[in-house]
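Report on one structure; see the data block that follows.
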Amino acid sequence: KENRGDAVVANMRLRYGTPKSLVGKNTEAEFVSMMLDKGTTNMNRQEIQDKLDALKARVRIFGGQSGTTIRMETTNENLKEVIDLAADMLKNPSFTQDEFEKLKEEELAYIEEQLSDPQALANNQFNKMLNPYDKSDARYVRSMDEQIADVKELTLDEVKSFYKDNYGASEATISVVGDFDEALIKKTLDGHFGQWESAGKYERITDPYMEIKPEQKEIETPDKSNSMFFAGMPVKVNDNHDDYAAMMIGNYMLGGGFLNSRLATRIRQEEGLSYGVGSWFSGSAQDDGGGFGAYAISAPENTAKVQVAFKEEINKVVTEGFTAEELAAAKSGWLQSQTVSRSQDNRLMGQLNNNLRIDRTMMWSEALEKKISELTVEEVNAAMKRHIDAEKMVYVRAGDFAKVKKEEKP
């Protein structure tokens, strides 16, 4: 694929660990991925950055509990050298005490700053309510206080041990998009990673559908001008389910289509309650379920009204449904967005990498688009009614509500 400026992007995903071996290892895993670009046995952090600048390249490494992603952006003539450099980062990290201590300070400052942020607090609580796993489970969602404690207690030896026990390319996929020498790049990748085997075995952490208890939480964030609202529920619809296409386009009409969606029209445009509002729906490619969720950012005095309006719009969808005109407009917008997405190299690269993992081709996406183009409004309305229920959701609100209540007193 020819690109302006001979741009090439590449995405490599390493997978490691098992549901048993990764229990309580979130912080170690996160620090390994954060330290990989801080120096190798051959180059320090500044030398790595100087080399990237000379190659007109960016390499970003991020990851967590069970996998790490390496994203590379450069030109076709420099791609081999950038892969060489990325391989050095992955295979020969220096893990120096000095860089480790700096990273600990930065991470602690970042998490502590989030302790007063409505969005961060609401998101953390929302995830805990949707994933009510015990601390002995690898899927356990830590509170921010627990994250801080984990960072403070972490040692460099634990980081090195996690790397030694887990890293390797035994379970790796890579996608590359651009106009490049395919034979050369394949040879380069095989040379660096073909024999780089992981010390431990890999077993995917599953995320099956699980019914949750509907509940509501309110979090006080004093002196914050904005508030955050989340609502959501697990949905027993994966991306092979008969209702998946209908749920995708139904969510697009409800809140995924941004300014043209029902939530945005009602909450942001008509009532002026929110600065930003939207919804999402996702279906797993490997497990038996997915999830629906929505968010809104508003002034604290408007958050309760946002929740009321949200519930009303959900109930309207369930009882009255969408119109044929809404569906026709949504199909056109959604299908166009897919075309645009495929034209963006980073999106295409991610989709290709994901397809490799689940053994799919782009024909699967083509089949989904065909299904959506052929959906009737009756099918969409029936699917939304089957799977979405405002009374089965969890709700989280974070903001300076005490101040609002104080001001409302006569």
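Residue numbering restarts at 1 for every chain of the structure tokens, chains are lettered A, B, ... in their displayed order, and ligands are numbered from 1 as they appear.
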Hey, could you make a per-residue contact list for range 204-322 of chain A against range 54-74 of chain A with 12 Å as the cut-off, showing the nearest pair of atoms and its distance in Å to one decimal, counting only C-alpha atoms, sorted by chain and number, as JSON lines?
{"residue": "A:Arg204", "atom": "CA", "partner": "A:Ser66", "partner_atom": "CA", "distance": 8.0}
{"residue": "A:Ile205", "atom": "CA", "partner": "A:Ser66", "partner_atom": "CA", "distance": 7.9}
{"residue": "A:Thr206", "atom": "CA", "partner": "A:Ser66", "partner_atom": "CA", "distance": 11.3}
Determine, counting only C-alpha atoms, which protein, DNA and RNA residues have an atom within 10 Å of an atom of Asn3 in chain A; residues of the same chain fewer than 3 positions away are not included. Present the result as a PDB file with all heavy atoms, in the first residue's frame.
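And here's around-v2.pdb as it stands now:
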ATOM      1  N   ASP A   6       6.130   7.765   2.027  1.00  0.00           N
ATOM      2  CA  ASP A   6       6.618   6.390   2.204  1.00  0.00           C
ATOM      3  C   ASP A   6       6.395   5.868   3.624  1.00  0.00           C
ATOM      4  O   ASP A   6       7.192   5.079   4.154  1.00  0.00           O
ATOM      5  CB  ASP A   6       8.112   6.284   1.847  1.00  0.00           C
ATOM      6  CG  ASP A   6       8.373   6.584   0.385  1.00  0.00           C
ATOM      7  OD1 ASP A   6       7.507   6.241  -0.439  1.00  0.00           O
ATOM      8  OD2 ASP A   6       9.431   7.155   0.071  1.00  0.00           O
ATOM      9  N   ALA A   7       5.313   6.309   4.258  1.00  0.00           N
ATOM     10  CA  ALA A   7       5.043   5.915   5.645  1.00  0.00           C
ATOM     11  C   ALA A   7       4.702   4.431   5.756  1.00  0.00           C
ATOM     12  O   ALA A   7       3.994   3.875   4.923  1.00  0.00           O
ATOM     13  CB  ALA A   7       3.899   6.751   6.209  1.00  0.00           C
ATOM     14  N   VAL A   8       5.222   3.821   6.807  1.00  0.00           N
ATOM     15  CA  VAL A   8       4.935   2.416   7.119  1.00  0.00           C
ATOM     16  C   VAL A   8       4.626   2.321   8.610  1.00  0.00           C
ATOM     17  O   VAL A   8       5.273   2.978   9.430  1.00  0.00           O
ATOM     18  CB  VAL A   8       6.136   1.506   6.788  1.00  0.00           C
ATOM     19  CG1 VAL A   8       5.824   0.063   7.154  1.00  0.00           C
ATOM     20  CG2 VAL A   8       6.504   1.591   5.324  1.00  0.00           C
ATOM     21  N   THR A  75       9.512   5.123   7.848  1.00  0.00           N
ATOM     22  CA  THR A  75       9.413   5.100   6.391  1.00  0.00           C
ATOM     23  C   THR A  75       9.849   3.728   5.897  1.00  0.00           C
ATOM     24  O   THR A  75      10.530   2.981   6.616  1.00  0.00           O
ATOM     25  CB  THR A  75      10.318   6.181   5.763  1.00  0.00           C
ATOM     26  OG1 THR A  75      11.677   5.920   6.153  1.00  0.00           O
ATOM     27  CG2 THR A  75       9.905   7.560   6.231  1.00  0.00           C
ATOM     28  N   ASN A  76       9.472   3.396   4.657  1.00  0.00           N
ATOM     29  CA  ASN A  76       9.780   2.049   4.175  1.00  0.00           C
ATOM     30  C   ASN A  76      11.285   1.754   4.146  1.00  0.00           C
ATOM     31  O   ASN A  76      11.704   0.643   4.437  1.00  0.00           O
ATOM     32  CB  ASN A  76       9.137   1.792   2.807  1.00  0.00           C
ATOM     33  CG  ASN A  76       9.483   2.847   1.786  1.00  0.00           C
ATOM     34  OD1 ASN A  76      10.473   3.567   1.920  1.00  0.00           O
ATOM     35  ND2 ASN A  76       8.662   2.953   0.744  1.00  0.00           N
ATOM     36  N   VAL A 177       1.700  -2.384   7.574  1.00  0.00           N
ATOM     37  CA  VAL A 177       0.953  -1.736   6.498  1.00  0.00           C
ATOM     38  C   VAL A 177       1.825  -0.665   5.850  1.00  0.00           C
ATOM     39  O   VAL A 177       2.374   0.202   6.536  1.00  0.00           O
ATOM     40  CB  VAL A 177      -0.352  -1.088   7.033  1.00  0.00           C
ATOM     41  CG1 VAL A 177      -1.069  -0.331   5.914  1.00  0.00           C
ATOM     42  CG2 VAL A 177      -1.278  -2.148   7.624  1.00  0.00           C
ATOM     43  N   GLY A 178       1.948  -0.717   4.530  1.00  0.00           N
ATOM     44  CA  GLY A 178       2.739   0.264   3.795  1.00  0.00           C
ATOM     45  C   GLY A 178       3.346  -0.372   2.556  1.00  0.00           C
ATOM     46  O   GLY A 178       3.054  -1.517   2.222  1.00  0.00           O
ATOM     47  N   ASP A 179       4.209   0.359   1.893  1.00  0.00           N
ATOM     48  CA  ASP A 179       4.885  -0.136   0.695  1.00  0.00           C
ATOM     49  C   ASP A 179       6.303  -0.522   1.099  1.00  0.00           C
ATOM     50  O   ASP A 179       7.206   0.305   1.124  1.00  0.00           O
ATOM     51  CB  ASP A 179       4.898   0.945  -0.387  1.00  0.00           C
ATOM     52  CG  ASP A 179       5.517   0.441  -1.678  1.00  0.00           C
ATOM     53  OD1 ASP A 179       5.664  -0.780  -1.820  1.00  0.00           O
ATOM     54  OD2 ASP A 179       5.865   1.276  -2.532  1.00  0.00           O
ATOM     55  N   ASP A 345      -4.163   3.762   8.315  1.00  0.00           N
ATOM     56  CA  ASP A 345      -3.202   2.676   8.489  1.00  0.00           C
ATOM     57  C   ASP A 345      -3.191   2.083   9.894  1.00  0.00           C
ATOM     58  O   ASP A 345      -3.100   0.864  10.064  1.00  0.00           O
ATOM     59  CB  ASP A 345      -1.799   3.163   8.127  1.00  0.00           C
ATOM     60  CG  ASP A 345      -1.628   3.344   6.629  1.00  0.00           C
ATOM     61  OD1 ASP A 345      -2.584   3.056   5.889  1.00  0.00           O
ATOM     62  OD2 ASP A 345      -0.549   3.779   6.198  1.00  0.00           O
TER      63      ASP A 345
END
Interface rows for range 105-162 of chain A against range 223-231 of chain A: nearest pair, Å to one decimal, 8 Å, only C-alpha atoms, as JSON lines:
{"residue": "A:Asp117", "atom": "CA", "partner": "A:Lys224", "partner_atom": "CA", "distance": 7.8}
{"residue": "A:Pro118", "atom": "CA", "partner": "A:Met228", "partner_atom": "CA", "distance": 5.7}
{"residue": "A:Gln119", "atom": "CA", "partner": "A:Met228", "partner_atom": "CA", "distance": 5.4}
{"residue": "A:Ala122", "atom": "CA", "partner": "A:Met228", "partner_atom": "CA", "distance": 6.5}
{"residue": "A:Asn123", "atom": "CA", "partner": "A:Phe230", "partner_atom": "CA", "distance": 7.4}
{"residue": "A:Phe126", "atom": "CA", "partner": "A:Phe230", "partner_atom": "CA", "distance": 6.9}
Just the selected residues (N, CA, C and O atoms), exported as a PDB file, in the first residue's frame, please.
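Output below, filename selection27.pdb:
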ATOM      1  N   ASP A 117      -9.835  12.848  40.403  1.00  0.00           N
ATOM      2  CA  ASP A 117     -10.384  13.066  39.067  1.00  0.00           C
ATOM      3  C   ASP A 117     -11.693  12.296  38.903  1.00  0.00           C
ATOM      4  O   ASP A 117     -11.705  11.058  38.993  1.00  0.00           O
ATOM      5  N   PRO A 118     -12.816  12.987  38.654  1.00  0.00           N
ATOM      6  CA  PRO A 118     -14.108  12.301  38.548  1.00  0.00           C
ATOM      7  C   PRO A 118     -14.128  11.201  37.496  1.00  0.00           C
ATOM      8  O   PRO A 118     -14.687  10.123  37.726  1.00  0.00           O
ATOM      9  N   GLN A 119     -13.521  11.455  36.341  1.00  0.00           N
ATOM     10  CA  GLN A 119     -13.559  10.461  35.273  1.00  0.00           C
ATOM     11  C   GLN A 119     -12.790   9.201  35.644  1.00  0.00           C
ATOM     12  O   GLN A 119     -13.266   8.081  35.439  1.00  0.00           O
ATOM     13  N   ALA A 122     -14.676   7.343  38.546  1.00  0.00           N
ATOM     14  CA  ALA A 122     -15.910   6.721  38.063  1.00  0.00           C
ATOM     15  C   ALA A 122     -15.606   5.517  37.187  1.00  0.00           C
ATOM     16  O   ALA A 122     -16.263   4.474  37.287  1.00  0.00           O
ATOM     17  N   ASN A 123     -14.610   5.644  36.334  1.00  0.00           N
ATOM     18  CA  ASN A 123     -14.243   4.541  35.435  1.00  0.00           C
ATOM     19  C   ASN A 123     -13.753   3.330  36.222  1.00  0.00           C
ATOM     20  O   ASN A 123     -14.113   2.187  35.922  1.00  0.00           O
ATOM     21  N   PHE A 126     -16.760   1.762  37.961  1.00  0.00           N
ATOM     22  CA  PHE A 126     -17.599   1.146  36.927  1.00  0.00           C
ATOM     23  C   PHE A 126     -17.040  -0.214  36.526  1.00  0.00           C
ATOM     24  O   PHE A 126     -17.767  -1.208  36.435  1.00  0.00           O
TER      25      PHE A 126
END
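Counting only C-alpha atoms and comparing A:Ala172, A:Leu335, A:Leu352, A:Met210, the residue that lies closest to Asp288 in chain A is A:Met210.
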Taking 6 positions as the minimum chain separation for residues in the same chain, which residues sit within 10 Å of range 144-146 of chain A when counting only C-alpha atoms? Answer as a PDB file with N, CA, C and O atoms, in the first residue's frame.
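Saved the output as around-v7.pdb:
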ATOM      1  N   ILE A 111      -1.065   8.244  39.454  1.00  0.00           N
ATOM      2  CA  ILE A 111      -2.224   7.614  40.107  1.00  0.00           C
ATOM      3  C   ILE A 111      -2.773   8.524  41.203  1.00  0.00           C
ATOM      4  O   ILE A 111      -3.989   8.680  41.354  1.00  0.00           O
ATOM      5  N   GLU A 112      -1.884   9.153  41.973  1.00  0.00           N
ATOM      6  CA  GLU A 112      -2.337  10.034  43.046  1.00  0.00           C
ATOM      7  C   GLU A 112      -3.115  11.231  42.507  1.00  0.00           C
ATOM      8  O   GLU A 112      -4.062  11.703  43.131  1.00  0.00           O
ATOM      9  N   GLN A 114      -4.998  11.086  39.927  1.00  0.00           N
ATOM     10  CA  GLN A 114      -6.300  10.551  39.532  1.00  0.00           C
ATOM     11  C   GLN A 114      -7.253  10.361  40.716  1.00  0.00           C
ATOM     12  O   GLN A 114      -8.455  10.219  40.521  1.00  0.00           O
ATOM     13  N   LEU A 115      -6.719  10.353  41.927  1.00  0.00           N
ATOM     14  CA  LEU A 115      -7.554  10.134  43.107  1.00  0.00           C
ATOM     15  C   LEU A 115      -8.611  11.214  43.298  1.00  0.00           C
ATOM     16  O   LEU A 115      -9.571  11.014  44.043  1.00  0.00           O
ATOM     17  N   ALA A 120     -11.596   9.375  36.207  1.00  0.00           N
ATOM     18  CA  ALA A 120     -10.772   8.220  36.580  1.00  0.00           C
ATOM     19  C   ALA A 120     -11.434   7.406  37.689  1.00  0.00           C
ATOM     20  O   ALA A 120     -11.479   6.175  37.632  1.00  0.00           O
ATOM     21  N   LEU A 121     -11.964   8.092  38.696  1.00  0.00           N
ATOM     22  CA  LEU A 121     -12.610   7.401  39.810  1.00  0.00           C
ATOM     23  C   LEU A 121     -13.872   6.669  39.370  1.00  0.00           C
ATOM     24  O   LEU A 121     -14.116   5.527  39.761  1.00  0.00           O
ATOM     25  N   ASN A 124     -12.935   3.568  37.244  1.00  0.00           N
ATOM     26  CA  ASN A 124     -12.428   2.476  38.065  1.00  0.00           C
ATOM     27  C   ASN A 124     -13.573   1.761  38.789  1.00  0.00           C
ATOM     28  O   ASN A 124     -13.652   0.526  38.795  1.00  0.00           O
ATOM     29  N   GLN A 125     -14.482   2.532  39.372  1.00  0.00           N
ATOM     30  CA  GLN A 125     -15.618   1.943  40.078  1.00  0.00           C
ATOM     31  C   GLN A 125     -16.539   1.193  39.121  1.00  0.00           C
ATOM     32  O   GLN A 125     -17.044   0.114  39.418  1.00  0.00           O
ATOM     33  N   LYS A 152       4.282   1.122  45.326  1.00  0.00           N
ATOM     34  CA  LYS A 152       5.226   1.406  46.415  1.00  0.00           C
ATOM     35  C   LYS A 152       5.998   0.165  46.839  1.00  0.00           C
ATOM     36  O   LYS A 152       7.185   0.229  47.174  1.00  0.00           O
TER      37      LYS A 152
END
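Using only C-alpha atoms, the shortest contact distance between Glu107 in chain A and any of A:Asp389, A:Gly278, A:Met34, A:Leu348 is found at A:Met34.
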request  = Tell me which protein, DNA and RNA residues are within 10 Å of Gln338 in chain A, counting only C-alpha atoms, leaving out same-chain ones fewer than 3 positions away, and put them as a count of residues only.
outcome  = 9
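Take the candidates A:Asn166, A:Pro132, A:Gly283, A:Leu79 and check each one against Ser33 in chain A using only C-alpha atoms; the shortest distance goes to A:Asn166.
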Counting only C-alpha atoms, what is within 12 Å of Val308 in chain A, bar same-chain residues fewer than 3 positions away, as a tab-separated table (two decimals) with N, CA and C atoms, in the first residue's frame?
chain	number	residue	atom	x	y	z
A	229	PHE	N	-20.47	10.44	34.46
A	229	PHE	CA	-21.56	9.47	34.58
A	229	PHE	C	-21.26	8.27	33.70
A	231	ALA	N	-22.92	4.23	32.77
A	231	ALA	CA	-23.98	3.23	32.92
A	231	ALA	C	-23.65	2.06	32.01
A	263	LEU	N	-28.99	9.77	22.24
A	263	LEU	CA	-28.50	10.31	23.51
A	263	LEU	C	-27.92	11.70	23.34
A	266	ARG	N	-30.81	14.26	22.61
A	266	ARG	CA	-31.62	14.57	23.79
A	266	ARG	C	-30.80	15.28	24.88
A	267	ILE	N	-29.69	14.68	25.28
A	267	ILE	CA	-28.98	15.14	26.47
A	267	ILE	C	-28.08	16.34	26.19
A	271	GLU	N	-31.47	19.41	25.62
A	271	GLU	CA	-31.55	19.83	27.02
A	271	GLU	C	-30.28	20.51	27.51
A	273	LEU	N	-27.54	19.39	28.80
A	273	LEU	CA	-27.12	18.91	30.11
A	273	LEU	C	-25.68	18.43	30.15
A	302	ASN	N	-26.10	18.83	36.97
A	302	ASN	CA	-26.89	18.23	35.90
A	302	ASN	C	-26.81	16.71	35.85
A	303	THR	N	-25.95	16.11	36.66
A	303	THR	CA	-25.70	14.67	36.54
A	303	THR	C	-26.94	13.83	36.79
A	304	ALA	N	-27.71	14.16	37.82
A	304	ALA	CA	-28.93	13.40	38.10
A	304	ALA	C	-29.92	13.51	36.95
A	305	LYS	N	-30.00	14.69	36.34
A	305	LYS	CA	-30.89	14.88	35.19
A	305	LYS	C	-30.40	14.07	33.99
A	311	LYS	N	-32.09	7.02	31.12
A	311	LYS	CA	-33.03	5.93	31.35
A	311	LYS	C	-34.27	6.08	30.46
A	312	GLU	N	-34.74	7.30	30.32
A	312	GLU	CA	-35.91	7.53	29.48
A	312	GLU	C	-35.64	7.16	28.03
A	313	GLU	N	-34.45	7.51	27.53
A	313	GLU	CA	-34.11	7.18	26.14
A	313	GLU	C	-33.94	5.68	25.94
A	314	ILE	N	-33.36	5.00	26.93
A	314	ILE	CA	-33.25	3.54	26.86
A	314	ILE	C	-34.65	2.92	26.80
A	315	ASN	N	-35.53	3.38	27.67
A	315	ASN	CA	-36.89	2.82	27.71
A	315	ASN	C	-37.67	3.11	26.43
A	390	ALA	N	-32.66	-0.90	31.20
A	390	ALA	CA	-32.16	0.15	32.09
A	390	ALA	C	-32.17	-0.27	33.55
A	395	TYR	N	-24.86	1.92	37.63
A	395	TYR	CA	-24.73	3.36	37.40
A	395	TYR	C	-23.68	3.93	38.36
request  = Apply DSSP to the structure's backbone, then extract all residues of range 33-258 of chain A labelled helix (DSSP H, G or I) and return them as a PyMOL selection string.
outcome  = chain A and resi 33-35+45-54+76-91+97-114+118-130+144-153+156-166+182-193+244-256+258
task = Write out as number ranges by chain which residues come within 12 Å of Ala29 in chain A when counting only C-alpha atoms, dropping same-chain ones fewer than 3 positions away.
result = A: 15-17, 21-26, 32-36, 62-68, 150-151, 154, 156, 158-167
So that I have them on file, write out the residues from the current selection with N, CA and C atoms, as a compact mmCIF listing (two decimals), in the first residue's frame.
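Final output, out-v5.txt:
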# COMPACT_ATOMS: atom_id res chain seq x y z
N ARG A 15 1.96 -12.17 23.71
CA ARG A 15 1.01 -12.67 24.71
C ARG A 15 1.73 -13.64 25.63
N TYR A 16 1.39 -13.59 26.92
CA TYR A 16 2.12 -14.42 27.88
C TYR A 16 1.27 -14.71 29.11
N GLY A 17 1.71 -15.69 29.88
CA GLY A 17 1.10 -15.99 31.15
C GLY A 17 -0.16 -16.84 31.07
N SER A 21 -0.91 -17.99 36.73
CA SER A 21 0.40 -17.37 36.96
C SER A 21 0.34 -15.85 37.04
N LEU A 22 -0.74 -15.25 36.50
CA LEU A 22 -0.81 -13.78 36.43
C LEU A 22 -1.59 -13.14 37.58
N VAL A 23 -2.09 -13.95 38.50
CA VAL A 23 -2.81 -13.39 39.64
C VAL A 23 -1.89 -12.48 40.45
N GLY A 24 -2.33 -11.24 40.65
CA GLY A 24 -1.55 -10.29 41.45
C GLY A 24 -0.31 -9.76 40.78
N LYS A 25 -0.18 -9.95 39.46
CA LYS A 25 1.04 -9.54 38.77
C LYS A 25 0.83 -8.30 37.87
N ASN A 26 -0.25 -7.59 38.03
CA ASN A 26 -0.54 -6.43 37.18
C ASN A 26 0.59 -5.41 37.17
N VAL A 32 7.27 -3.73 33.41
CA VAL A 32 8.14 -4.31 32.37
C VAL A 32 7.92 -3.57 31.05
N SER A 33 6.66 -3.44 30.64
CA SER A 33 6.39 -2.80 29.35
C SER A 33 6.82 -1.35 29.35
N MET A 34 6.68 -0.66 30.48
CA MET A 34 7.09 0.75 30.55
C MET A 34 8.60 0.92 30.55
N MET A 35 9.33 -0.10 30.96
CA MET A 35 10.79 0.03 31.05
C MET A 35 11.52 -0.40 29.79
N LEU A 36 10.83 -1.04 28.86
CA LEU A 36 11.50 -1.59 27.69
C LEU A 36 12.15 -0.53 26.80
N PHE A 62 3.51 -0.52 25.03
CA PHE A 62 2.57 -0.45 26.14
C PHE A 62 1.94 -1.81 26.34
N GLY A 63 1.59 -2.09 27.57
CA GLY A 63 1.02 -3.40 27.83
C GLY A 63 0.60 -3.53 29.27
N GLY A 64 0.32 -4.75 29.64
CA GLY A 64 -0.15 -5.00 30.99
C GLY A 64 -0.11 -6.45 31.32
N GLN A 65 -1.11 -6.87 32.03
CA GLN A 65 -1.13 -8.16 32.69
C GLN A 65 -0.79 -9.35 31.79
N SER A 66 -1.37 -9.46 30.60
CA SER A 66 -1.17 -10.68 29.81
C SER A 66 -0.64 -10.43 28.40
N GLY A 67 -0.23 -9.20 28.10
CA GLY A 67 0.29 -8.94 26.77
C GLY A 67 0.92 -7.57 26.64
N THR A 68 1.81 -7.44 25.67
CA THR A 68 2.49 -6.17 25.40
C THR A 68 2.42 -5.89 23.90
N ASP A 150 0.63 -1.20 45.53
CA ASP A 150 1.39 -2.14 44.72
C ASP A 150 2.65 -1.50 44.13
N VAL A 151 2.52 -0.26 43.65
CA VAL A 151 3.67 0.44 43.08
C VAL A 151 4.72 0.70 44.16
N LEU A 154 6.60 -2.52 44.95
CA LEU A 154 7.28 -3.20 43.84
C LEU A 154 8.80 -3.04 43.91
N LEU A 156 12.64 -3.91 41.82
CA LEU A 156 13.20 -4.13 40.49
C LEU A 156 13.39 -5.62 40.22
N GLU A 158 11.46 -7.99 41.13
CA GLU A 158 10.17 -8.54 40.72
C GLU A 158 9.89 -8.24 39.25
N VAL A 159 10.29 -7.04 38.80
CA VAL A 159 10.13 -6.68 37.39
C VAL A 159 10.98 -7.59 36.51
N LYS A 160 12.23 -7.77 36.89
CA LYS A 160 13.14 -8.63 36.12
C LYS A 160 12.62 -10.07 36.09
N SER A 161 12.09 -10.52 37.21
CA SER A 161 11.59 -11.89 37.30
C SER A 161 10.39 -12.09 36.39
N PHE A 162 9.49 -11.09 36.34
CA PHE A 162 8.32 -11.20 35.46
C PHE A 162 8.77 -11.27 34.01
N TYR A 163 9.73 -10.45 33.64
CA TYR A 163 10.24 -10.47 32.27
C TYR A 163 10.83 -11.85 31.93
N LYS A 164 11.65 -12.35 32.81
CA LYS A 164 12.32 -13.63 32.57
C LYS A 164 11.31 -14.78 32.45
N ASP A 165 10.27 -14.75 33.26
CA ASP A 165 9.30 -15.84 33.28
C ASP A 165 8.31 -15.80 32.12
N ASN A 166 8.13 -14.64 31.50
CA ASN A 166 7.03 -14.49 30.56
C ASN A 166 7.38 -14.06 29.14
N TYR A 167 8.43 -13.26 28.97
CA TYR A 167 8.64 -12.65 27.65
C TYR A 167 9.24 -13.63 26.64
message = as a PyMOL selection string, please: every residue in range 39-206 of chain A that a backbone DSSP assignment puts in strand (DSSP E).
response = chain A and resi 58-63+67-75+172-177
Please dump the current selection as a compact mmCIF listing (two decimals), in the first residue's frame; keep N, CA and C atoms.
# COMPACT_ATOMS: atom_id res chain seq x y z
N ARG A 58 8.93 6.44 15.27
CA ARG A 58 8.38 6.40 16.63
C ARG A 58 8.14 4.95 16.99
N VAL A 59 8.55 4.57 18.19
CA VAL A 59 8.25 3.23 18.70
C VAL A 59 7.58 3.42 20.06
N ARG A 60 6.37 2.91 20.16
CA ARG A 60 5.64 2.99 21.43
C ARG A 60 5.40 1.57 21.94
N ILE A 61 5.70 1.38 23.22
CA ILE A 61 5.52 0.06 23.84
C ILE A 61 4.58 0.24 25.02
N PHE A 62 3.51 -0.52 25.03
CA PHE A 62 2.57 -0.45 26.14
C PHE A 62 1.94 -1.81 26.34
N GLY A 63 1.59 -2.09 27.57
CA GLY A 63 1.02 -3.40 27.83
C GLY A 63 0.60 -3.53 29.27
N GLY A 67 -0.23 -9.20 28.10
CA GLY A 67 0.29 -8.94 26.77
C GLY A 67 0.92 -7.57 26.64
N THR A 68 1.81 -7.44 25.67
CA THR A 68 2.49 -6.17 25.40
C THR A 68 2.42 -5.89 23.90
N THR A 69 2.18 -4.63 23.56
CA THR A 69 2.08 -4.21 22.16
C THR A 69 3.22 -3.26 21.83
N ILE A 70 3.81 -3.46 20.68
CA ILE A 70 4.88 -2.59 20.17
C ILE A 70 4.39 -1.98 18.86
N ARG A 71 4.26 -0.66 18.80
CA ARG A 71 3.83 0.02 17.59
C ARG A 71 4.99 0.80 17.00
N MET A 72 5.23 0.60 15.72
CA MET A 72 6.33 1.26 15.03
C MET A 72 5.80 2.09 13.87
N GLU A 73 6.30 3.31 13.77
CA GLU A 73 5.96 4.19 12.66
C GLU A 73 7.25 4.73 12.08
N THR A 74 7.43 4.57 10.77
CA THR A 74 8.65 5.05 10.13
C THR A 74 8.42 5.13 8.62
N THR A 75 9.51 5.12 7.85
CA THR A 75 9.41 5.10 6.39
C THR A 75 9.85 3.73 5.90
N ALA A 172 3.07 -14.61 19.49
CA ALA A 172 3.15 -13.25 18.97
C ALA A 172 2.53 -13.16 17.58
N THR A 173 1.95 -12.01 17.30
CA THR A 173 1.46 -11.71 15.95
C THR A 173 1.97 -10.34 15.56
N ILE A 174 2.17 -10.14 14.26
CA ILE A 174 2.63 -8.84 13.78
C ILE A 174 1.92 -8.51 12.47
N SER A 175 1.53 -7.26 12.34
CA SER A 175 0.95 -6.77 11.08
C SER A 175 1.73 -5.54 10.65
N VAL A 176 1.91 -5.39 9.34
CA VAL A 176 2.65 -4.26 8.77
C VAL A 176 1.85 -3.70 7.61
N VAL A 177 1.70 -2.38 7.57
CA VAL A 177 0.95 -1.74 6.50
C VAL A 177 1.82 -0.67 5.85
inquiry  = I'd like the contact shell of range 45-48 of chain A - 10 Å cut-off, only C-alpha atoms, skipping same-chain residues fewer than 3 positions apart - returned as a ChimeraX atom specification.
reply    = /A:35-40,42,51-54,59,85-86,88-89,94,99
inquiry  = Nearest residue to Thr265 in chain A out of A:Ala309, A:Ala138, A:Val237, A:Leu90, using only C-alpha atoms?
reply    =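 Using only C-alpha atoms, Thr265 in chain A sits closest to A:Ala309.
Atom pair CA of Lys403 in chain A / CA of Pro214 in chain A: separated by 27.0 Å.
For the atom pair formed by CA of Leu327 in chain A and CA of Ser298 in chain A, the distance is 28.5 Å, given to one decimal.
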request  = State, in Å with one decimal place, the distance from CA of Tyr295 in chain A to CA of Phe31 in chain A.
outcome  = 29.6 Å
Nearest candidate to Asp287 in chain A (options A:Pro208, A:Gly194, A:Gly257, A:Pro234; using only C-alpha atoms) =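 Comparing A:Pro208, A:Gly194, A:Gly257, A:Pro234 against Asp287 in chain A, the winner is A:Pro208.
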